[in-house]
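Have a look at the structure below before the remarks.
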Amino acid sequence: MHSTTKKLFFYAFFLPTLVLQVQSCNMTGLWQNELGSTLHVQAVGSELTGMYQTKVGVSSQESGPDQRGKLVGVVSHHDQQTSVAFSVLWETGSCSSWVGQCFPLPDGKRVLKTLWMLRSMALSPADNWKSTRMGEDTFILEH
């Protein structure tokens, strides 16, 4: 079989099967990341609401003494892919935002892979350079 014919055969028969296996995620539930922070989310249509409880960043300039913040965000289920964006405004005036995608796993669990940005308060434009941090979080839905 010619190499182009093999590729066409693959795309015609196997790719649709793989695409059908991709499913959207229901975001409602209690999620936990690798550092123990929790995310309690309620998804209604394209809106996310809930509470975020952090286990990190407890300085007075970041999350504040309560370490919990109200969560608001959006979710999109496009072509069976679930994309999310949510933010938390902390008591101190700092804010954090996450963007990512949820993936259903073969065992029925769900994983949410995100990138985050934390913006702490700056007292002056000269302090702006040290007021933003970025990183990654992986959340697993707790059953």
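To be explicit about the labels: the chains of the structure tokens are called A, B, and onward in the order shown, and within each one the residues are counted from 1, while ligands get numbers from 1 in the order they are shown.
Near stretch 123-140 of chain A, within a cut-off of 9 Å and counting only C-alpha atoms, sit the residues A:Leu30, A:Trp31, A:Gln32, A:Asn33, A:Glu34, A:Leu35, A:Ser37, A:Thr38, A:Leu39, A:Trp98, A:Lys109, A:Arg110, A:Val111, A:Leu112, A:Lys113, A:Thr114, A:Leu115, A:Trp116, A:Met117, A:Leu118, A:Arg119, with same-chain residues fewer than 4 positions away left out.
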Give me, as a PyMOL selection string, all polymer residues having an atom no more than 10 Å from A:Ala85, counting only C-alpha atoms and skipping those fewer than 3 positions away in the same chain.
chain A and resi 47-48+72-76+97-101+114-116
Write out, as a short mmCIF file (atom, residue, chain, number, x, y, z; two decimals), in the first residue's frame, the residues just selected, with all heavy atoms.
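As written to disk, out18.cif reads:
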data_model
loop_
_atom_site.label_atom_id
_atom_site.label_comp_id
_atom_site.auth_asym_id
_atom_site.auth_seq_id
_atom_site.Cartn_x
_atom_site.Cartn_y
_atom_site.Cartn_z
N GLU A 47 -21.81 29.34 32.92
CA GLU A 47 -21.30 30.08 34.07
C GLU A 47 -20.80 29.15 35.17
O GLU A 47 -21.41 28.13 35.46
CB GLU A 47 -22.38 30.99 34.63
CG GLU A 47 -22.80 32.08 33.67
CD GLU A 47 -23.84 33.01 34.27
OE1 GLU A 47 -24.08 32.97 35.49
OE2 GLU A 47 -24.41 33.79 33.48
N LEU A 48 -19.69 29.56 35.78
CA LEU A 48 -19.12 28.85 36.93
C LEU A 48 -19.19 29.76 38.15
O LEU A 48 -18.87 30.94 38.07
CB LEU A 48 -17.66 28.51 36.69
CG LEU A 48 -17.31 27.58 35.53
CD1 LEU A 48 -15.81 27.43 35.42
CD2 LEU A 48 -17.96 26.22 35.73
N VAL A 72 -15.69 33.02 40.32
CA VAL A 72 -16.60 33.25 39.21
C VAL A 72 -15.86 32.92 37.92
O VAL A 72 -14.65 33.11 37.83
CB VAL A 72 -17.14 34.70 39.15
CG1 VAL A 72 -18.02 35.01 40.34
CG2 VAL A 72 -16.03 35.72 39.04
N GLY A 73 -16.58 32.39 36.94
CA GLY A 73 -15.91 32.04 35.70
C GLY A 73 -16.87 31.59 34.62
O GLY A 73 -18.09 31.71 34.75
N VAL A 74 -16.28 31.06 33.57
CA VAL A 74 -17.04 30.59 32.41
C VAL A 74 -16.50 29.23 31.98
O VAL A 74 -15.37 28.87 32.24
CB VAL A 74 -16.97 31.58 31.23
CG1 VAL A 74 -17.71 32.87 31.56
CG2 VAL A 74 -15.53 31.87 30.84
N VAL A 75 -17.38 28.48 31.30
CA VAL A 75 -17.01 27.18 30.76
C VAL A 75 -17.58 27.09 29.35
O VAL A 75 -18.66 27.62 29.07
CB VAL A 75 -17.51 26.02 31.65
CG1 VAL A 75 -19.01 26.02 31.78
CG2 VAL A 75 -17.00 24.67 31.14
N SER A 76 -16.84 26.46 28.47
CA SER A 76 -17.29 26.27 27.10
C SER A 76 -17.13 24.81 26.71
O SER A 76 -16.08 24.21 26.95
CB SER A 76 -16.43 27.14 26.16
OG SER A 76 -16.74 26.83 24.81
N SER A 97 -6.30 34.22 38.55
CA SER A 97 -7.11 33.71 37.44
C SER A 97 -6.48 32.44 36.89
O SER A 97 -5.26 32.31 36.87
CB SER A 97 -7.21 34.74 36.31
OG SER A 97 -7.94 35.86 36.74
N TRP A 98 -7.33 31.53 36.48
CA TRP A 98 -6.91 30.26 35.89
C TRP A 98 -7.58 30.11 34.53
O TRP A 98 -8.75 30.48 34.36
CB TRP A 98 -7.36 29.08 36.75
CG TRP A 98 -6.68 28.91 38.05
CD1 TRP A 98 -5.70 28.00 38.36
CD2 TRP A 98 -6.94 29.61 39.29
NE1 TRP A 98 -5.35 28.11 39.68
CE2 TRP A 98 -6.09 29.10 40.27
CE3 TRP A 98 -7.82 30.64 39.63
CZ2 TRP A 98 -6.08 29.56 41.57
CZ3 TRP A 98 -7.81 31.13 40.93
CH2 TRP A 98 -6.95 30.58 41.89
N VAL A 99 -6.87 29.53 33.57
CA VAL A 99 -7.46 29.11 32.30
C VAL A 99 -6.99 27.69 32.04
O VAL A 99 -5.88 27.32 32.41
CB VAL A 99 -7.07 30.03 31.10
CG1 VAL A 99 -7.64 31.41 31.28
CG2 VAL A 99 -5.57 30.07 30.91
N GLY A 100 -7.86 26.88 31.44
CA GLY A 100 -7.43 25.52 31.20
C GLY A 100 -8.47 24.70 30.47
O GLY A 100 -9.46 25.22 29.94
N GLN A 101 -8.22 23.41 30.50
CA GLN A 101 -9.10 22.46 29.83
C GLN A 101 -9.30 21.24 30.71
O GLN A 101 -8.37 20.76 31.36
CB GLN A 101 -8.51 22.03 28.49
CG GLN A 101 -9.43 21.15 27.69
CD GLN A 101 -8.91 20.87 26.29
OE1 GLN A 101 -7.98 21.51 25.83
NE2 GLN A 101 -9.51 19.91 25.64
N THR A 114 -4.52 23.49 34.16
CA THR A 114 -4.67 24.94 34.11
C THR A 114 -3.32 25.66 34.17
O THR A 114 -2.32 25.12 34.67
CB THR A 114 -5.51 25.48 35.28
OG1 THR A 114 -4.83 25.23 36.51
CG2 THR A 114 -6.89 24.86 35.30
N LEU A 115 -3.33 26.88 33.70
CA LEU A 115 -2.28 27.86 33.94
C LEU A 115 -2.90 28.95 34.80
O LEU A 115 -4.07 29.28 34.62
CB LEU A 115 -1.78 28.47 32.63
CG LEU A 115 -1.14 27.51 31.65
CD1 LEU A 115 -0.85 28.22 30.34
CD2 LEU A 115 0.13 26.92 32.23
N TRP A 116 -2.14 29.49 35.76
CA TRP A 116 -2.69 30.51 36.64
C TRP A 116 -1.79 31.74 36.69
O TRP A 116 -0.59 31.66 36.38
CB TRP A 116 -2.92 30.00 38.06
CG TRP A 116 -1.70 29.46 38.75
CD1 TRP A 116 -1.34 28.14 38.83
CD2 TRP A 116 -0.69 30.19 39.46
NE1 TRP A 116 -0.17 28.01 39.53
CE2 TRP A 116 0.25 29.26 39.93
CE3 TRP A 116 -0.48 31.53 39.74
CZ2 TRP A 116 1.37 29.63 40.68
CZ3 TRP A 116 0.64 31.91 40.47
CH2 TRP A 116 1.54 30.95 40.93
#
Point-to-point distance from atom CA of A:Pro104 to atom CA of A:Leu89, Å rounded to tenths:
28.4 Å
Expressed in Å to a single decimal, how great is the separation between atom CA of A:Tyr52 and atom CA of A:Val88?
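So the two atoms, atom CA of A:Tyr52 and atom CA of A:Val88, lie 7.2 Å apart.
Taking atom CA of A:Ser120 and atom CA of A:Val41 as the two end points, the separation is 23.7 Å.
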